[in-house]
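Source file: input26.cif; contents: mmCIF, C-alpha atoms.
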data_protein
loop_
_atom_site.group_PDB
_atom_site.id
_atom_site.type_symbol
_atom_site.label_atom_id
_atom_site.label_comp_id
_atom_site.auth_asym_id
_atom_site.auth_seq_id
_atom_site.Cartn_x
_atom_site.Cartn_y
_atom_site.Cartn_z
ATOM 1 C CA MET I 1 43.095 15.566 -38.433
ATOM 2 C CA ASN I 2 42.519 13.565 -41.629
ATOM 3 C CA HIS I 3 39.217 12.160 -42.910
ATOM 4 C CA GLU I 4 39.915 8.662 -41.597
ATOM 5 C CA GLN I 5 40.385 9.996 -38.090
ATOM 6 C CA ALA I 6 37.256 12.132 -38.412
ATOM 7 C CA GLY I 7 35.232 9.041 -39.446
ATOM 8 C CA CYS I 8 36.636 7.175 -36.489
ATOM 9 C CA CYS I 9 35.609 9.951 -34.100
ATOM 10 C CA ARG I 10 32.113 10.107 -35.570
ATOM 11 C CA SER I 11 31.765 6.376 -34.974
ATOM 12 C CA ARG I 12 32.924 6.776 -31.391
ATOM 13 C CA ARG I 13 30.497 9.654 -30.920
ATOM 14 C CA ALA I 14 27.664 7.589 -32.372
ATOM 15 C CA LEU I 15 28.603 4.680 -30.109
ATOM 16 C CA LEU I 16 28.727 6.889 -27.019
ATOM 17 C CA ALA I 17 25.466 8.625 -27.945
ATOM 18 C CA GLY I 18 23.777 5.238 -28.445
ATOM 19 C CA THR I 19 25.106 3.973 -25.111
ATOM 20 C CA GLY I 20 23.808 7.106 -23.389
ATOM 21 C CA ALA I 21 20.369 6.636 -24.959
ATOM 22 C CA VAL I 22 20.230 3.046 -23.697
ATOM 23 C CA GLY I 23 21.188 4.244 -20.212
ATOM 24 C CA VAL I 24 18.445 6.882 -20.239
ATOM 25 C CA ALA I 25 15.887 4.318 -21.450
ATOM 26 C CA THR I 26 16.949 1.939 -18.672
ATOM 27 C CA LEU I 27 16.634 4.659 -16.030
ATOM 28 C CA THR I 28 13.253 5.702 -17.403
ATOM 29 C CA GLY I 29 12.020 2.118 -17.116
ATOM 30 C CA CYS I 30 13.244 1.923 -13.512
ATOM 31 C CA ALA I 31 11.570 5.202 -12.628
ATOM 32 C CA THR I 32 8.173 3.503 -12.775
ATOM 33 C CA TYR I 33 9.145 0.589 -10.502
ATOM 34 C CA GLY I 34 7.470 0.854 -7.137
ATOM 35 C CA GLN I 35 4.981 3.502 -8.201
ATOM 36 C CA PRO I 36 1.485 3.359 -6.742
ATOM 37 C CA THR I 37 -0.821 0.712 -8.172
ATOM 38 C CA ALA I 38 -3.877 1.988 -6.318
ATOM 39 C CA ALA I 39 -4.747 5.352 -4.877
ATOM 40 C CA PRO I 40 -5.133 5.467 -1.090
ATOM 41 C CA PRO I 41 -8.654 5.914 0.196
ATOM 42 C CA ALA I 42 -9.678 9.559 0.450
ATOM 43 C CA ALA I 43 -9.735 10.904 3.967
ATOM 44 C CA PRO I 44 -12.860 12.793 4.993
ATOM 45 C CA PRO I 45 -12.316 16.522 5.484
ATOM 46 C CA ALA I 46 -11.406 17.521 9.020
ATOM 47 C CA GLY I 47 -14.449 18.190 11.126
ATOM 48 C CA SER I 48 -16.818 16.488 8.700
ATOM 49 C CA ALA I 49 -19.471 14.078 9.844
ATOM 50 C CA GLY I 50 -18.073 10.577 9.960
ATOM 51 C CA ALA I 51 -14.460 11.698 10.321
ATOM 52 C CA ASP I 52 -12.853 9.556 12.995
ATOM 53 C CA PRO I 53 -9.117 9.833 13.596
ATOM 54 C CA SER I 54 -9.079 6.474 15.422
ATOM 55 C CA GLY I 55 -9.337 4.634 12.120
ATOM 56 C CA THR I 56 -12.774 3.088 12.506
ATOM 57 C CA SER I 57 -16.163 4.706 12.617
ATOM 58 C CA GLY I 58 -18.247 3.833 15.644
ATOM 59 C CA ALA I 59 -15.262 2.117 17.244
ATOM 60 C CA ASP I 60 -13.870 2.418 20.708
ATOM 61 C CA PRO I 61 -11.001 4.921 21.214
ATOM 62 C CA SER I 62 -8.369 2.256 20.452
ATOM 63 C CA GLY I 63 -9.439 2.285 16.788
ATOM 64 C CA THR I 64 -10.874 -1.211 16.935
ATOM 65 C CA ALA I 65 -14.093 -2.103 15.144
ATOM 66 C CA THR I 66 -16.215 -4.538 17.090
ATOM 67 C CA PRO I 67 -19.354 -6.406 16.058
ATOM 68 C CA GLY I 68 -22.435 -4.205 16.217
ATOM 69 C CA ASP I 69 -20.586 -0.929 15.499
ATOM 70 C CA ASP I 70 -22.694 1.728 13.803
ATOM 71 C CA GLY I 71 -21.482 4.208 11.228
ATOM 72 C CA ALA I 72 -21.744 2.506 7.845
ATOM 73 C CA ASP I 73 -24.841 2.595 5.725
ATOM 74 C CA PRO I 74 -26.292 -0.937 5.852
ATOM 75 C CA GLY I 75 -26.812 -0.565 2.091
ATOM 76 C CA THR I 76 -23.050 -0.216 1.607
ATOM 77 C CA PRO I 77 -21.728 -3.477 0.165
ATOM 78 C CA ALA I 78 -19.689 -5.516 2.618
ATOM 79 C CA LEU I 79 -15.972 -5.833 1.960
ATOM 80 C CA ALA I 80 -15.943 -9.173 3.736
ATOM 81 C CA THR I 81 -17.397 -11.187 6.572
ATOM 82 C CA LEU I 82 -15.654 -11.870 9.858
ATOM 83 C CA ALA I 83 -15.043 -15.441 8.667
ATOM 84 C CA ASP I 84 -13.167 -14.085 5.612
ATOM 85 C CA ILE I 85 -10.520 -12.430 7.799
ATOM 86 C CA PRO I 86 -8.268 -15.015 9.472
ATOM 87 C CA VAL I 87 -7.270 -14.485 13.101
ATOM 88 C CA GLY I 88 -3.618 -13.362 13.106
ATOM 89 C CA GLY I 89 -3.892 -12.357 9.457
ATOM 90 C CA GLY I 90 -6.042 -10.311 7.140
ATOM 91 C CA ALA I 91 -7.119 -9.592 3.592
ATOM 92 C CA ILE I 92 -6.203 -6.898 1.078
ATOM 93 C CA PHE I 93 -8.995 -5.124 -0.806
ATOM 94 C CA ALA I 94 -6.930 -3.282 -3.418
ATOM 95 C CA ASP I 95 -9.972 -1.890 -5.269
ATOM 96 C CA ALA I 96 -11.161 -0.278 -2.019
ATOM 97 C CA GLY I 97 -7.600 0.725 -1.048
ATOM 98 C CA VAL I 98 -7.737 -1.006 2.347
ATOM 99 C CA VAL I 99 -6.306 -3.966 4.185
ATOM 100 C CA VAL I 100 -8.484 -5.478 6.924
ATOM 101 C CA THR I 101 -6.887 -7.498 9.731
ATOM 102 C CA GLN I 102 -8.001 -9.532 12.743
ATOM 103 C CA PRO I 103 -5.073 -9.454 15.203
ATOM 104 C CA THR I 104 -7.076 -11.398 17.811
ATOM 105 C CA ASP I 105 -10.407 -13.180 17.625
ATOM 106 C CA GLY I 106 -13.224 -10.651 17.072
ATOM 107 C CA VAL I 107 -10.917 -7.597 16.849
ATOM 108 C CA ILE I 108 -11.042 -6.000 13.390
ATOM 109 C CA LYS I 109 -8.559 -3.346 12.250
ATOM 110 C CA ALA I 110 -8.246 -1.608 8.880
ATOM 111 C CA TYR I 111 -5.472 0.399 7.251
ATOM 112 C CA SER I 112 -4.679 2.012 3.942
ATOM 113 C CA ALA I 113 -3.359 -0.648 1.544
ATOM 114 C CA THR I 114 -0.859 1.888 0.188
ATOM 115 C CA CYS I 115 2.668 1.414 1.532
ATOM 116 C CA THR I 116 4.065 4.547 3.138
ATOM 117 C CA HIS I 117 7.488 3.981 1.554
ATOM 118 C CA GLN I 118 6.819 4.572 -2.151
ATOM 119 C CA GLY I 119 3.110 4.065 -2.612
ATOM 120 C CA CYS I 120 2.940 0.437 -3.758
ATOM 121 C CA THR I 121 -0.113 -1.572 -2.758
ATOM 122 C CA VAL I 122 0.734 -4.012 0.045
ATOM 123 C CA THR I 123 0.905 -7.581 -1.210
ATOM 124 C CA SER I 124 0.278 -10.035 1.624
ATOM 125 C CA VAL I 125 -0.967 -10.469 5.186
ATOM 126 C CA SER I 126 0.155 -13.372 7.358
ATOM 127 C CA ASP I 127 1.823 -14.270 10.633
ATOM 128 C CA GLY I 128 0.829 -10.977 12.248
ATOM 129 C CA THR I 129 2.287 -8.798 9.491
ATOM 130 C CA ILE I 130 1.308 -6.833 6.410
ATOM 131 C CA VAL I 131 4.019 -6.999 3.739
ATOM 132 C CA CYS I 132 4.770 -4.716 0.811
ATOM 133 C CA ALA I 133 6.835 -6.747 -1.649
ATOM 134 C CA CYS I 134 8.018 -3.700 -3.638
ATOM 135 C CA HIS I 135 10.824 -3.037 -1.162
ATOM 136 C CA ASN I 136 10.020 -5.482 1.680
ATOM 137 C CA SER I 137 8.493 -3.100 4.190
ATOM 138 C CA VAL I 138 6.682 -4.972 6.958
ATOM 139 C CA PHE I 139 3.862 -3.583 9.129
ATOM 140 C CA ASP I 140 2.127 -4.902 12.281
ATOM 141 C CA ILE I 141 -1.498 -6.034 11.823
ATOM 142 C CA ALA I 142 -2.514 -4.779 15.285
ATOM 143 C CA ASP I 143 -1.593 -1.122 14.864
ATOM 144 C CA GLY I 144 -0.119 -0.605 11.373
ATOM 145 C CA SER I 145 3.300 0.263 12.809
ATOM 146 C CA VAL I 146 6.488 -0.425 10.856
ATOM 147 C CA ARG I 147 8.184 -3.661 11.906
ATOM 148 C CA SER I 148 10.949 -3.299 9.321
ATOM 149 C CA GLY I 149 11.705 -0.752 6.626
ATOM 150 C CA PRO I 150 12.482 0.934 4.373
ATOM 151 C CA ALA I 151 9.050 2.424 5.213
ATOM 152 C CA GLY I 152 9.442 5.014 7.945
ATOM 153 C CA ALA I 153 5.783 5.685 8.747
ATOM 154 C CA PRO I 154 2.945 3.376 9.818
ATOM 155 C CA LEU I 155 0.034 2.507 7.553
ATOM 156 C CA PRO I 156 -2.743 5.052 8.152
ATOM 157 C CA ALA I 157 -5.894 3.675 9.772
ATOM 158 C CA ALA I 158 -8.970 3.268 7.556
ATOM 159 C CA ASN I 159 -12.581 3.611 8.654
ATOM 160 C CA VAL I 160 -14.567 0.369 8.755
ATOM 161 C CA THR I 161 -17.527 -0.911 10.718
ATOM 162 C CA VAL I 162 -18.704 -4.376 11.676
ATOM 163 C CA ASP I 163 -22.431 -4.946 11.419
ATOM 164 C CA GLY I 164 -23.280 -8.488 12.468
ATOM 165 C CA ASP I 165 -20.597 -10.379 10.604
ATOM 166 C CA ALA I 166 -20.334 -7.894 7.693
ATOM 167 C CA ILE I 167 -17.282 -5.622 7.488
ATOM 168 C CA ARG I 168 -17.989 -2.387 5.588
ATOM 169 C CA LEU I 169 -16.139 0.786 4.733
ATOM 170 C CA ALA I 170 -17.483 3.574 6.889
#
How would this structure read if it were set down as structure tokens?
Amino acid sequence: MNHEQAGCCRSRRALLAGTGAVGVATLTGCATYGQPTAAPPAAPPAGSAGADPSGTSGADPSGTATPGDDGADPGTPALATLADIPVGGGAIFADAGVVVTQPTDGVIKAYSATCTHQGCTVTSVSDGTIVCACHNSVFDIADGSVRSGPAGAPLPAANVTVDGDAIRLA
């Protein structure tokens, strides 16, 4: 092989190495897409006071918080009022890691705002659904179940109470 051919090969190698580096950089950038934007609320340890697998503290066994429920410290700041949560819709409280819904008038439900697909924070609540725009998973506001994927698991219930018209984390 002469020097001209060797120079040519080095240029090809440099070109291929540069192309590979761009590909790695592109993949690295994509690796962060869809990563969690908020940590899910911490679950109380099993058997601890206040732990309620139904999803709401002081709620009936269906996991529904109703006005007058006990369980939250009245000094705990309210997430919202009943009037803030539209019937058939809900509101996302990303800082608290929860989404609160009102499937029917006076029935309050709460779930983790972290999508079970890849950990993105859900982005909207309307028309009876909770939507995660990262990959278009859709959940039911009444029970957190998956209406359409790619999520394969429902949103976990979150503990809330309703005291008068104030909705609080339990």
Checklist entry - What does the PyMOL selection byres ((chain I and resi 127) around 9) select in this file, as an NGL selection string? => result :I and (88-89 or 125-126 or 128-130 or 141)
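Computed from the coordinates, the CA of Ser124 (chain I) to CA of Gln102 (chain I) distance equals 13.9 Å.
If you measure from each of I:Val100, I:Ala83, I:Val162, I:Ile167 to Asp140 (chain I) using all atoms listed in the file, the closest one turns out to be I:Val100.
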Next on the checklist: Could you list, as JSON, numbers by chain, every residue matched by the PyMOL selection byres ((chain I and resi 94) around 9) in this structure?
Outcome noted: {"I": [37, 38, 92, 93, 95, 96, 97, 98, 99, 113, 114, 121, 122]}
Listed atoms of region 102-111 of chain I boxed along x, y and z, 6 Å each side, centre and edge lengths in Å, one decimal, as JSON:
{"center_x": -9.1, "center_y": -6.4, "center_z": 12.5, "size_x": 20.2, "size_y": 25.6, "size_z": 22.6}
Write out N, CA and C atoms for region 102-126 of chain I, as a JSON list (two decimals), in the coordinates of the input.
[["chain", "number", "residue", "atom", "x", "y", "z"],
["I", 102, "GLN", "N", -7.38, -9.06, 11.51],
["I", 102, "GLN", "CA", -8.00, -9.53, 12.74],
["I", 102, "GLN", "C", -6.86, -10.02, 13.65],
["I", 103, "PRO", "N", -6.23, -9.09, 14.38],
["I", 103, "PRO", "CA", -5.07, -9.45, 15.20],
["I", 103, "PRO", "C", -5.42, -10.52, 16.25],
["I", 104, "THR", "N", -6.59, -10.40, 16.86],
["I", 104, "THR", "CA", -7.08, -11.40, 17.81],
["I", 104, "THR", "C", -8.54, -11.66, 17.49],
["I", 105, "ASP", "N", -9.05, -12.77, 17.95],
["I", 105, "ASP", "CA", -10.41, -13.18, 17.62],
["I", 105, "ASP", "C", -11.42, -12.08, 17.93],
["I", 106, "GLY", "N", -12.17, -11.65, 16.91],
["I", 106, "GLY", "CA", -13.22, -10.65, 17.07],
["I", 106, "GLY", "C", -12.76, -9.21, 17.03],
["I", 107, "VAL", "N", -11.46, -8.96, 16.93],
["I", 107, "VAL", "CA", -10.92, -7.60, 16.85],
["I", 107, "VAL", "C", -10.56, -7.31, 15.39],
["I", 108, "ILE", "N", -11.25, -6.34, 14.80],
["I", 108, "ILE", "CA", -11.04, -6.00, 13.39],
["I", 108, "ILE", "C", -10.36, -4.65, 13.31],
["I", 109, "LYS", "N", -9.30, -4.59, 12.52],
["I", 109, "LYS", "CA", -8.56, -3.35, 12.25],
["I", 109, "LYS", "C", -8.52, -3.14, 10.75],
["I", 110, "ALA", "N", -8.37, -1.90, 10.31],
["I", 110, "ALA", "CA", -8.25, -1.61, 8.88],
["I", 110, "ALA", "C", -7.25, -0.47, 8.68],
["I", 111, "TYR", "N", -6.50, -0.58, 7.58],
["I", 111, "TYR", "CA", -5.47, 0.40, 7.25],
["I", 111, "TYR", "C", -5.50, 0.66, 5.75],
["I", 112, "SER", "N", -4.88, 1.75, 5.36],
["I", 112, "SER", "CA", -4.68, 2.01, 3.94],
["I", 112, "SER", "C", -3.83, 0.88, 3.38],
["I", 113, "ALA", "N", -4.14, 0.41, 2.19],
["I", 113, "ALA", "CA", -3.36, -0.65, 1.54],
["I", 113, "ALA", "C", -2.17, -0.07, 0.79],
["I", 114, "THR", "N", -1.96, 1.23, 0.88],
["I", 114, "THR", "CA", -0.86, 1.89, 0.19],
["I", 114, "THR", "C", 0.34, 2.00, 1.12],
["I", 115, "CYS", "N", 1.44, 1.38, 0.73],
["I", 115, "CYS", "CA", 2.67, 1.41, 1.53],
["I", 115, "CYS", "C", 3.15, 2.86, 1.67],
["I", 116, "THR", "N", 3.60, 3.19, 2.87],
["I", 116, "THR", "CA", 4.07, 4.55, 3.14],
["I", 116, "THR", "C", 5.48, 4.80, 2.62],
["I", 117, "HIS", "N", 6.14, 3.77, 2.08],
["I", 117, "HIS", "CA", 7.49, 3.98, 1.55],
["I", 117, "HIS", "C", 7.44, 4.66, 0.18],
["I", 118, "GLN", "N", 6.87, 3.97, -0.82],
["I", 118, "GLN", "CA", 6.82, 4.57, -2.15],
["I", 118, "GLN", "C", 5.48, 4.38, -2.83],
["I", 119, "GLY", "N", 4.45, 4.08, -2.06],
["I", 119, "GLY", "CA", 3.11, 4.07, -2.61],
["I", 119, "GLY", "C", 2.66, 2.80, -3.30],
["I", 120, "CYS", "N", 3.40, 1.71, -3.19],
["I", 120, "CYS", "CA", 2.94, 0.44, -3.76],
["I", 120, "CYS", "C", 1.77, -0.07, -2.92],
["I", 121, "THR", "N", 0.95, -0.92, -3.51],
["I", 121, "THR", "CA", -0.11, -1.57, -2.76],
["I", 121, "THR", "C", 0.52, -2.75, -2.02],
["I", 122, "VAL", "N", 0.20, -2.89, -0.72],
["I", 122, "VAL", "CA", 0.73, -4.01, 0.04],
["I", 122, "VAL", "C", 0.32, -5.31, -0.63],
["I", 123, "THR", "N", 1.10, -6.37, -0.42],
["I", 123, "THR", "CA", 0.90, -7.58, -1.21],
["I", 123, "THR", "C", 0.46, -8.80, -0.43],
["I", 124, "SER", "N", 0.69, -8.85, 0.88],
["I", 124, "SER", "CA", 0.28, -10.04, 1.62],
["I", 124, "SER", "C", 0.08, -9.71, 3.10],
["I", 125, "VAL", "N", -0.72, -10.58, 3.75],
["I", 125, "VAL", "CA", -0.97, -10.47, 5.19],
["I", 125, "VAL", "C", -0.88, -11.88, 5.76],
["I", 126, "SER", "N", 0.04, -12.08, 6.69],
["I", 126, "SER", "CA", 0.16, -13.37, 7.36],
["I", 126, "SER", "C", 1.09, -13.26, 8.55]]
